[in-house]
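Only one structure is covered here, and it is reproduced in the block below.
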Number of protein chains: 4
Amino acid sequence: MKAIVLEKDHDLRIRDIDIPGDETLGADDVRIDIHTVGVCGSDVHFYLHGSLGPFEVKEPLILGHEASGTVSEVGSAVTNLAVGDRVCMEPGIPDPNSKATRLGMYNLDPAVKFWATPPYHGCLRPSLVHPAVFTFKLPDNVSFGEGALVEPLAVGMHAAGKARIKPGDIALVLGAGTIGLMTAISALAGGCSRVIITDVLQPKLDLAASLGAVTAVNLNTTDVADVVNDLTDGWGADIVFEATGKDAVAASVFDHLCPGGCVVFIGCPGGSVPLEIVKAQTKEARMETIFRYAHVYPRCLAMMGAGKIDLKPFISKSFPFDDGVDAFDYHVEGREETVKVQIVVAD
Amino acid sequence: MKAIVLEKDHDLRIRDIDIPGDETLGADDVRIDIHTVGVCGSDVHFYLHGSLGPFEVKEPLILGHEASGTVSEVGSAVTNLAVGDRVCMEPGIPDPNSKATRLGMYNLDPAVKFWATPPYHGCLRPSLVHPAVFTFKLPDNVSFGEGALVEPLAVGMHAAGKARIKPGDIALVLGAGTIGLMTAISALAGGCSRVIITDVLQPKLDLAASLGAVTAVNLNTTDVADVVNDLTDGWGADIVFEATGKDAVAASVFDHLCPGGCVVFIGCPGGSVPLEIVKAQTKEARMETIFRYAHVYPRCLAMMGAGKIDLKPFISKSFPFDDGVDAFDYHVEGREETVKVQIVVAD
Amino acid sequence: MKAIVLEKDHDLRIRDIDIPGDETLGADDVRIDIHTVGVCGSDVHFYLHGSLGPFEVKEPLILGHEASGTVSEVGSAVTNLAVGDRVCMEPGIPDPNSKATRLGMYNLDPAVKFWATPPYHGCLRPSLVHPAVFTFKLPDNVSFGEGALVEPLAVGMHAAGKARIKPGDIALVLGAGTIGLMTAISALAGGCSRVIITDVLQPKLDLAASLGAVTAVNLNTTDVADVVNDLTDGWGADIVFEATGKDAVAASVFDHLCPGGCVVFIGCPGGSVPLEIVKAQTKEARMETIFRYAHVYPRCLAMMGAGKIDLKPFISKSFPFDDGVDAFDYHVEGREETVKVQIVVAD
Amino acid sequence: MKAIVLEKDHDLRIRDIDIPGDETLGADDVRIDIHTVGVCGSDVHFYLHGSLGPFEVKEPLILGHEASGTVSEVGSAVTNLAVGDRVCMEPGIPDPNSKATRLGMYNLDPAVKFWATPPYHGCLRPSLVHPAVFTFKLPDNVSFGEGALVEPLAVGMHAAGKARIKPGDIALVLGAGTIGLMTAISALAGGCSRVIITDVLQPKLDLAASLGAVTAVNLNTTDVADVVNDLTDGWGADIVFEATGKDAVAASVFDHLCPGGCVVFIGCPGGSVPLEIVKAQTKEARMETIFRYAHVYPRCLAMMGAGKIDLKPFISKSFPFDDGVDAFDYHVEGREETVKVQIVVAD
């Protein structure tokens, strides 16, 4: 099977690879022909460094975990899917018997097998076998490219769920990168009346400003305090989503929060974040943290099927499978206007 | 002062009326020149029957409780409003010292003074004095007519809040009357991916179907079970909003609810509702009930200001103040396409 | 294998029965030697009527679902249990792949296999095989008799969880039967400051009154309204637990509830319950319903291990296995002071 | 009026002081003869430093904010209290018209007038006037000394409420000072099955260990990780209450927390706390913060009246009013076994 394989840092190739056991289709599994795969920052991190946090690439590893495709075979016990269904997949497979999974928090199961995280191969390959319960049909109005974007959207949607938005809340999203943008549209579709989003890259802010009731603030030119005060009559934002992962930004989350408000930490800061707990206390701030997502793929797809969320504006560029390594390099170049780069494995 | 006064059932007049004490502007009050007032079913009920539930019209009573207007005078301690501000007002004034009010549930204070509920006069008059904290500025893009519609919208928004919508939930709204429609748009703006709404009046359903991700079901021609099953893969609706107030409909709320789902009783049934508790138990249904609303006017106005909710389609017909009694009679005629009739007190 | 087998209504025998497949111990299973089994009202209902709701006894059925015992063998993948562990077991085994189970609501999985519910055999037999994840170690201070009482306690604990008790809440429990008593101690241990419990059987009330901060009200002699008003300064109970399953009682749940309060329907009324929705609305009552329990066995055992809940007072009488049919007849006699009758399968 | 007055740091005197306007009893007020007042760390901080955070003592200030007493006069609109009632009082009086107050979060109102916080006098004086709604009757079984301890208990009870304890949760309380102890008993009475509490002062731990299902851990001799693992089967504590206010301890809150668990920051760290957000994310930790308390005095008193909480063990030493300055010095000496020092103003 031809796949996009990381040998070690900076050594990414399209080549044949043997995946033992990949032929076995369990009763609760489906086989999927992969169509489109998005390139994620974590894939690129492996590409550049050969590792990510505690995970090190010691054996050749197929990259990719944002995928859509078509069902080509269904296990004997599968009832919710049929051959020919257009689908997208959750890239993490938890142990159904773990305590976290049974409690409904399968994303917190430490035994989860996550695509493109050693030792588990990713999805940049022609086909794979996956549990049916983590495989979801795409609505007719959702393309394969959009389907492959459900994975990052799920992060934003999970964050929006954790915030427990009350209808009409005003949210502040710190950071207009891919996850910040996904969070902004999730918060808007998920019940906020308005989203204020901050960044220093104007192309990202221009895109954000085109997404509906979004006030995009360039921190180089505008004081976000004025914007928040103006839009909330001095009360503060109901919710602050931290989506930069930068220590200094994460340390500022209480500045524009309203009394009784909620902070959601989405970004992953590199070190410890110096939080002013006393400042949080005077507002009785609630803080939530998220780890990937759980139970939100169907919610994302329902939003997209209903037209409440449109992911097309976020697909910046697509590469054919044979130019897959170029897709990674293009991502590395980091154009300001780039949101998501995708690879079309097979049309 | 000229007002629209109910003498007794079927005897509604525009006439001068003396309102003692109405001249006094407290430090925390504002005086408002009334612009537009909506006619509500409860006003009409008083008009036709001279009473509503336990409330009986024994003295001449000014009707009307859905109002917008312009601030003409502000009390000495008022800081959030200025003369000339375009505003709408909550019609209920609670006792700030009551236990319910202090707990944040001022709508449940039994001592609340509610407009057009004996012995408290309503707002179909040129001006009145109101607490500043229950008076809210209209966004620039919101007309006086829309401002006067915030009151029924608040009911829908409060119901949406009680449901604790999770982003992407699918809601079923039973009844496409004014409150059902307000609930549908609140649920959509408040985080649902889709609203299924049922009724037997096609003009109301046609209006509903034009409001976004709404599936309008005419019960005379379509089995709602099929629609819900189709849109939820047989799982059931996450939330069922009961907005008919009819006993038989209210008794059916568990039929299309998903496991772990939530029912919100908005409509006020005439009698006891025979609920199948065992059916609810097999789904561990949660049931919420609402009484008017609390803390949602700012949320409604934020949604309207941001363009997420547009109330213009619901203003069916406006009457000048001098034809105010005709407005009531027009409402009584009950055209199928009528949603809200309003009276322009003064332009 | 000798078991207590229901042939058909009124025909209960201790006899040998062959259970095909019962020998197989899966990797995630344990084998348990049964020690004590409680007799539940549902067992007795099968005994007297040969059916319960939609479930009909068509083949000989081993009764019993409230059990404790000792692990005699563990599957190869089991890590949390060892041979010799004293344990109690949840009697329902859900499908780990069902949507309800994955969402953390395994009790709502319609495919659950529940002991002593046709076609699944119960636990009145010397040994059985059970999934390790539904098998729980007894703390050292908990006897086998108390361990077999965890099952009904779990119902009360689940109800207490659904109520979302705030520390210091005052609860009203309607009905001092076994489930009402289990709910009372769960509510007390679970954060209520006081429980008011009502019934007409004085021996049950006397037992209730001995359990701590419990006010036991005999409805034949006392007006519960006076008691609630007195203990809540006229505000009403924060939570009302309905534990009679009687239609008329269930219809009264809003009478003594405070504004913003919560009702939990635990009992299973025979028919539809005529609920005064408008009365509920003036209090914005929240209503919760429960179906068995989920995730609460460890919570029950933690309470018992810590000495916060003591189940010894509820074990009314124990019978040896060979007199097991007498245990059922004793239960049927329905002495007013009887709470739980148990059968000691093997010491 | 003779009062305990702080002139400036280290200058505390019992002397006559004139309090203008103190004679006026409003319609919603009561006058209270003070009986007992507890000495709090914040009082002592003013005594030693003449300031606390942003609050500076510029004029002579009566200290004390933990008080009980007897109603001597009631305002014309007061219905819930009568002359002779034994009471305790919340020391903060918010603006009923502020947004925070109306939302039910009166503790977050920045305009709150809090006793013994400049420029507002405290309660170490023979009598004072107070709003009836913030004055609460003591149950018959609660002494004046215990009544004066409700204020610090309220902090623990508020923290327990914010944690949203599920019945049977296991909590870890960091710090066995007064607030840590109050939190431990609140968590236990409020639904936890067990509390693990840590400190390095053995007398405090010995007291804690006598309070019920409390496991007291001396960090000098025992590894709390072992204790938590043992008591939670390696899962972690459901709730971690931070009650030391020490930066290094506050930075450790995720170490022993379970997946999906909750941290409540009660203590007020001196500086920024370096939090490992990524560690929190892998557990999807929720963090809550508290500022004083709201709506919990009645809950505390209900717990005490029902016998679920007993504050007597925490009254370490009482001083007569004339030795009031000695009480402060005794507190400053900081004996390891001292929890609460009180001053009996008048018997």
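If you're wondering about the labels, chains in the structure tokens are A, B, ... by order shown, residues count from 1 in each chain, ligands from 1 in order shown.
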Near Pro152 (chain D), counting only C-alpha atoms, which residues have an atom at most 8 Å away, once you skip same-chain residues fewer than 3 positions from it, shown as number ranges by chain?
D: 66, 149, 155-156, 178-179, 182
Can you tell me, as number ranges by chain, what residues are no more than 12 Å from Lys162 (chain A) when counting only C-alpha atoms, ignoring any on the same chain fewer than 6 positions away?
A: 155-156, 183, 186-187, 190, 239-241, 262-266, 286-296; B: 164-167; D: 260, 284-286
Atoms kept (C-alpha atoms) for selection, written as a PDB file, in the first residue's frame:
ATOM      1  CA  VAL A 155     -12.041  20.915  18.668  1.00  0.00           C
ATOM      2  CA  GLY A 156     -13.878  24.236  18.421  1.00  0.00           C
ATOM      3  CA  THR A 183     -13.904  28.020  17.719  1.00  0.00           C
ATOM      4  CA  SER A 186     -18.639  26.990  16.684  1.00  0.00           C
ATOM      5  CA  ALA A 187     -19.406  29.645  19.294  1.00  0.00           C
ATOM      6  CA  GLY A 190     -23.577  27.315  19.152  1.00  0.00           C
ATOM      7  CA  ILE A 239     -16.733  33.618  27.596  1.00  0.00           C
ATOM      8  CA  VAL A 240     -13.033  33.850  26.737  1.00  0.00           C
ATOM      9  CA  PHE A 241     -11.643  31.109  24.502  1.00  0.00           C
ATOM     10  CA  CYS A 262     -16.060  31.317  31.748  1.00  0.00           C
ATOM     11  CA  VAL A 263     -12.608  30.784  30.266  1.00  0.00           C
ATOM     12  CA  VAL A 264     -11.877  27.801  28.016  1.00  0.00           C
ATOM     13  CA  PHE A 265      -8.245  26.867  27.529  1.00  0.00           C
ATOM     14  CA  ILE A 266      -7.974  25.325  24.061  1.00  0.00           C
ATOM     15  CA  ARG A 286     -14.913  29.340  35.866  1.00  0.00           C
ATOM     16  CA  MET A 287     -12.144  27.756  33.790  1.00  0.00           C
ATOM     17  CA  GLU A 288     -12.604  24.786  31.519  1.00  0.00           C
ATOM     18  CA  THR A 289      -9.962  22.823  29.676  1.00  0.00           C
ATOM     19  CA  ILE A 290     -10.374  20.537  26.710  1.00  0.00           C
ATOM     20  CA  PHE A 291      -8.506  17.565  25.339  1.00  0.00           C
ATOM     21  CA  ARG A 292      -9.397  16.905  21.717  1.00  0.00           C
ATOM     22  CA  TYR A 293     -13.189  16.214  21.701  1.00  0.00           C
ATOM     23  CA  ALA A 294     -15.861  13.647  22.420  1.00  0.00           C
ATOM     24  CA  HIS A 295     -19.326  13.104  20.975  1.00  0.00           C
ATOM     25  CA  VAL A 296     -19.203  16.176  18.743  1.00  0.00           C
TER      26      VAL A 296
ATOM     27  CA  ARG B 164     -29.439  24.214  28.156  1.00  0.00           C
ATOM     28  CA  ILE B 165     -28.941  23.622  24.436  1.00  0.00           C
ATOM     29  CA  LYS B 166     -25.720  21.874  23.490  1.00  0.00           C
ATOM     30  CA  PRO B 167     -24.288  23.188  20.217  1.00  0.00           C
TER      31      PRO B 167
ATOM     32  CA  GLY D 260     -13.057  15.188  34.479  1.00  0.00           C
ATOM     33  CA  GLU D 284     -10.232  18.201  31.122  1.00  0.00           C
ATOM     34  CA  ALA D 285     -10.076  19.734  34.578  1.00  0.00           C
ATOM     35  CA  ARG D 286     -12.703  22.305  35.467  1.00  0.00           C
TER      36      ARG D 286
END
Pick from D:Asp11, D:Glu151, D:Asp29, D:Asp109, whichever lies nearest to Thr282 (chain A) using only C-alpha atoms:
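Using only C-alpha atoms, the shortest distance to Thr282 (chain A) belongs to D:Asp109.
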Would you mind listing, for every residue of chain D within 10 Å of chain C, the two atoms forming the shortest contact and the distance between them in Å to one decimal, using only C-alpha atoms, sorted by chain and ascending residue number, as a tab-separated table?
residue	atom	partner	partner_atom	distance
D:Asn80	CA	C:Asp233	CA	8.7
D:Met157	CA	C:Pro167	CA	7.2
D:His158	CA	C:Pro167	CA	8.8
D:Ala160	CA	C:Pro167	CA	7.1
D:Gly161	CA	C:Lys166	CA	6.0
D:Lys162	CA	C:Lys166	CA	9.1
D:Ala163	CA	C:Lys166	CA	9.8
D:Arg164	CA	C:Lys166	CA	7.3
D:Ile165	CA	C:Lys166	CA	8.1
D:Lys166	CA	C:Gly161	CA	6.0
D:Pro167	CA	C:Gly190	CA	4.3
D:Gly168	CA	C:Arg299	CA	4.5
D:Asp169	CA	C:Arg299	CA	7.0
D:Ile170	CA	C:Ala302	CA	8.3
D:Ser186	CA	C:Pro167	CA	7.7
D:Ala187	CA	C:Pro167	CA	8.2
D:Leu188	CA	C:Gly191	CA	7.9
D:Ala189	CA	C:Gly191	CA	5.6
D:Gly190	CA	C:Gly191	CA	3.7
D:Gly191	CA	C:Gly190	CA	3.7
D:Cys192	CA	C:Gly190	CA	6.9
D:Ser193	CA	C:Met303	CA	4.8
D:Arg194	CA	C:Ala306	CA	6.4
D:Val195	CA	C:Ala306	CA	9.7
D:Gly212	CA	C:Ala306	CA	8.4
D:Ala213	CA	C:Ala306	CA	5.5
D:Val214	CA	C:Ala306	CA	8.7
D:Leu231	CA	C:Ala302	CA	9.1
D:Thr232	CA	C:Ala302	CA	9.2
D:Asp233	CA	C:Asn80	CA	8.7
D:Val296	CA	C:Gly168	CA	8.4
D:Tyr297	CA	C:Gly168	CA	9.8
D:Pro298	CA	C:Gly168	CA	8.0
D:Arg299	CA	C:Gly168	CA	4.5
D:Cys300	CA	C:Gly168	CA	6.7
D:Leu301	CA	C:Gly168	CA	8.4
D:Ala302	CA	C:Ser193	CA	5.9
D:Met303	CA	C:Ser193	CA	4.8
D:Met304	CA	C:Ser193	CA	8.3
D:Gly305	CA	C:Ser193	CA	8.5
D:Ala306	CA	C:Ala213	CA	5.5
D:Gly307	CA	C:Ala213	CA	7.2
D:Lys308	CA	C:Ser193	CA	6.7
D:Ile309	CA	C:Ser193	CA	9.1
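Neighbours of Ser51 (chain C) closer than or equal to 12 Å, with only C-alpha atoms counted and sequence neighbours fewer than 3 positions away skipped, come out as Leu6, Glu7, Lys8, Asp9, His10, Ser42, Asp43, Val44, His45, Phe46, Tyr47, Leu48, Pro54, Phe55, Glu56, Val57, Lys58, Glu59, Leu61, Ala116, Thr117, Pro118 and Pro119 of chain C.
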Writer output for current selection, N, CA, C and O atoms, as a short mmCIF file (atom, residue, chain, number, x, y, z; two decimals), in the first residue's frame:
data_model
loop_
_atom_site.label_atom_id
_atom_site.label_comp_id
_atom_site.auth_asym_id
_atom_site.auth_seq_id
_atom_site.Cartn_x
_atom_site.Cartn_y
_atom_site.Cartn_z
N LEU C 6 -38.40 -19.82 38.61
CA LEU C 6 -39.83 -19.58 38.43
C LEU C 6 -40.28 -20.31 37.18
O LEU C 6 -39.83 -20.01 36.06
N GLU C 7 -41.19 -21.29 37.37
CA GLU C 7 -41.69 -22.04 36.22
C GLU C 7 -42.76 -21.23 35.51
O GLU C 7 -42.78 -21.09 34.29
N LYS C 8 -43.67 -20.74 36.32
CA LYS C 8 -44.74 -19.84 35.85
C LYS C 8 -45.31 -19.18 37.11
O LYS C 8 -44.86 -19.48 38.21
N ASP C 9 -46.27 -18.29 36.98
CA ASP C 9 -46.74 -17.57 38.17
C ASP C 9 -47.14 -18.54 39.28
O ASP C 9 -47.73 -19.58 39.01
N HIS C 10 -46.76 -18.21 40.50
CA HIS C 10 -47.03 -19.00 41.70
C HIS C 10 -46.32 -20.35 41.73
O HIS C 10 -46.56 -21.15 42.63
N SER C 42 -39.89 -6.53 42.22
CA SER C 42 -40.07 -7.00 40.84
C SER C 42 -39.98 -8.51 40.77
O SER C 42 -40.73 -9.16 40.03
N ASP C 43 -39.07 -9.11 41.56
CA ASP C 43 -39.02 -10.58 41.63
C ASP C 43 -40.38 -11.13 42.07
O ASP C 43 -40.89 -12.11 41.51
N VAL C 44 -40.92 -10.49 43.11
CA VAL C 44 -42.19 -10.97 43.66
C VAL C 44 -43.31 -10.78 42.66
O VAL C 44 -44.22 -11.61 42.55
N HIS C 45 -43.23 -9.71 41.89
CA HIS C 45 -44.26 -9.48 40.87
C HIS C 45 -44.24 -10.60 39.83
O HIS C 45 -45.29 -11.12 39.43
N PHE C 46 -43.04 -10.99 39.41
CA PHE C 46 -42.95 -12.13 38.49
C PHE C 46 -43.53 -13.38 39.15
O PHE C 46 -44.24 -14.16 38.52
N TYR C 47 -43.21 -13.57 40.43
CA TYR C 47 -43.68 -14.76 41.17
C TYR C 47 -45.21 -14.80 41.19
O TYR C 47 -45.83 -15.85 40.96
N LEU C 48 -45.83 -13.66 41.42
CA LEU C 48 -47.29 -13.62 41.58
C LEU C 48 -48.03 -13.56 40.25
O LEU C 48 -49.15 -14.04 40.13
N PRO C 54 -43.86 -5.27 30.03
CA PRO C 54 -43.81 -6.00 28.75
C PRO C 54 -43.11 -7.34 28.86
O PRO C 54 -43.08 -8.10 27.88
N PHE C 55 -42.54 -7.65 30.02
CA PHE C 55 -41.72 -8.87 30.15
C PHE C 55 -42.55 -10.03 30.67
O PHE C 55 -43.12 -9.96 31.76
N GLU C 56 -42.58 -11.12 29.94
CA GLU C 56 -43.38 -12.28 30.28
C GLU C 56 -42.50 -13.51 30.47
O GLU C 56 -41.57 -13.72 29.68
N VAL C 57 -42.77 -14.27 31.50
CA VAL C 57 -41.99 -15.49 31.76
C VAL C 57 -42.55 -16.64 30.92
O VAL C 57 -43.60 -17.18 31.24
N LYS C 58 -41.84 -16.96 29.83
CA LYS C 58 -42.32 -18.03 28.95
C LYS C 58 -41.51 -19.32 29.15
O LYS C 58 -41.99 -20.40 28.86
N GLU C 59 -40.28 -19.15 29.58
CA GLU C 59 -39.41 -20.29 29.88
C GLU C 59 -39.06 -20.22 31.37
O GLU C 59 -39.09 -19.13 31.95
N LEU C 61 -37.33 -19.41 34.64
CA LEU C 61 -36.45 -18.25 34.83
C LEU C 61 -35.88 -18.23 36.25
O LEU C 61 -36.63 -18.26 37.23
N ALA C 116 -32.79 -11.63 35.71
CA ALA C 116 -34.15 -11.97 36.12
C ALA C 116 -35.20 -11.19 35.36
O ALA C 116 -36.30 -10.94 35.86
N THR C 117 -34.82 -10.77 34.15
CA THR C 117 -35.79 -10.15 33.25
C THR C 117 -35.72 -10.96 31.97
O THR C 117 -34.67 -10.99 31.31
N PRO C 118 -36.82 -11.69 31.64
CA PRO C 118 -36.77 -12.61 30.51
C PRO C 118 -36.19 -11.94 29.27
O PRO C 118 -36.55 -10.79 29.02
N PRO C 119 -35.32 -12.60 28.55
CA PRO C 119 -34.93 -14.02 28.71
C PRO C 119 -33.66 -14.22 29.54
O PRO C 119 -33.05 -15.28 29.43
#
Expected answer as a PDB file with C-alpha atoms, in the first residue's frame: alpha helix (DSSP H) residues in region 263-292 of chain D:
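After the write, selection.pdb holds the following:
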ATOM      1  CA  ILE D 277      -2.541  24.050  31.615  1.00  0.00           C
ATOM      2  CA  VAL D 278      -1.530  21.084  29.443  1.00  0.00           C
ATOM      3  CA  LYS D 279      -1.691  18.818  32.490  1.00  0.00           C
ATOM      4  CA  ALA D 280      -5.149  20.189  33.261  1.00  0.00           C
ATOM      5  CA  GLN D 281      -6.176  19.597  29.652  1.00  0.00           C
ATOM      6  CA  THR D 282      -5.274  15.911  29.656  1.00  0.00           C
TER       7      THR D 282
END
Excluding Pro96 (chain A) and residues on its chain fewer than 6 positions from it, collect all residues at most 8 Å away from it, counting only C-alpha atoms, and give them as a PDB file with N, CA, C and O atoms, in the first residue's frame.
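Once everything was written out, this is out_23.pdb:
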ATOM      1  N   ARG A 102     -16.392   4.581  29.718  1.00  0.00           N
ATOM      2  CA  ARG A 102     -17.717   4.247  30.244  1.00  0.00           C
ATOM      3  C   ARG A 102     -18.433   5.464  30.823  1.00  0.00           C
ATOM      4  O   ARG A 102     -19.649   5.589  30.763  1.00  0.00           O
ATOM      5  N   TYR A 106     -14.524   9.470  26.512  1.00  0.00           N
ATOM      6  CA  TYR A 106     -13.572   8.546  25.875  1.00  0.00           C
ATOM      7  C   TYR A 106     -12.297   9.248  25.421  1.00  0.00           C
ATOM      8  O   TYR A 106     -11.267   8.619  25.257  1.00  0.00           O
TER       9      TYR A 106
ATOM     10  N   PRO C  96     -21.661  -2.280  24.897  1.00  0.00           N
ATOM     11  CA  PRO C  96     -20.700  -1.170  24.974  1.00  0.00           C
ATOM     12  C   PRO C  96     -20.661  -0.315  23.711  1.00  0.00           C
ATOM     13  O   PRO C  96     -20.141   0.794  23.740  1.00  0.00           O
ATOM     14  N   ASN C  97     -21.231  -0.805  22.628  1.00  0.00           N
ATOM     15  CA  ASN C  97     -21.206  -0.055  21.370  1.00  0.00           C
ATOM     16  C   ASN C  97     -22.460   0.758  21.113  1.00  0.00           C
ATOM     17  O   ASN C  97     -22.548   1.466  20.120  1.00  0.00           O
TER      18      ASN C  97
END
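Residues surrounding Thr101 (chain B) within 9 Å are Pro94, Asp95, Asn107, Leu108 and Asp109 of chain B; Arg102, Leu103 and Gly104 of chain D [only C-alpha atoms; sequence separation below 6 positions excluded].
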Test item: residues at most 6 Å from region 256-259 of chain D, only C-alpha atoms, excluding those fewer than 3 positions along its chain, as a PyMOL selection string:
chain D and resi 235-238+283
Resulting file, chosen residues, N, CA, C and O atoms, as a compact mmCIF listing (two decimals), in the first residue's frame:
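Ended up saving to out-v7.txt:
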# COMPACT_ATOMS: atom_id res chain seq x y z
N TRP D 235 -7.61 6.40 40.54
CA TRP D 235 -8.37 7.29 39.63
C TRP D 235 -8.08 8.76 39.90
O TRP D 235 -8.07 9.57 38.99
N GLY D 236 -7.84 9.12 41.15
CA GLY D 236 -7.65 10.52 41.52
C GLY D 236 -8.86 11.08 42.24
O GLY D 236 -9.95 10.51 42.19
N ALA D 237 -8.65 12.19 42.93
CA ALA D 237 -9.75 12.82 43.68
C ALA D 237 -10.71 13.51 42.71
O ALA D 237 -10.29 14.11 41.73
N ASP D 238 -12.00 13.42 43.02
CA ASP D 238 -13.00 14.06 42.17
C ASP D 238 -12.91 15.58 42.25
O ASP D 238 -13.18 16.28 41.28
N LYS D 283 -6.74 16.05 31.60
CA LYS D 283 -7.81 15.58 32.49
C LYS D 283 -9.11 16.35 32.26
O LYS D 283 -10.10 16.11 32.94
Atom pair CA of Leu128 (chain C) / CA of Ile32 (chain C): separation (Å):
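Between CA of Leu128 (chain C) and CA of Ile32 (chain C) the gap is 5.5 Å.
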Set the distance at 6 Å and use only C-alpha atoms: which residues neighbour region 219-230 of chain B once local chain neighbours fewer than 3 positions away are removed? I'd like the list as a ChimeraX atom specification.
/B:199-200,233-234
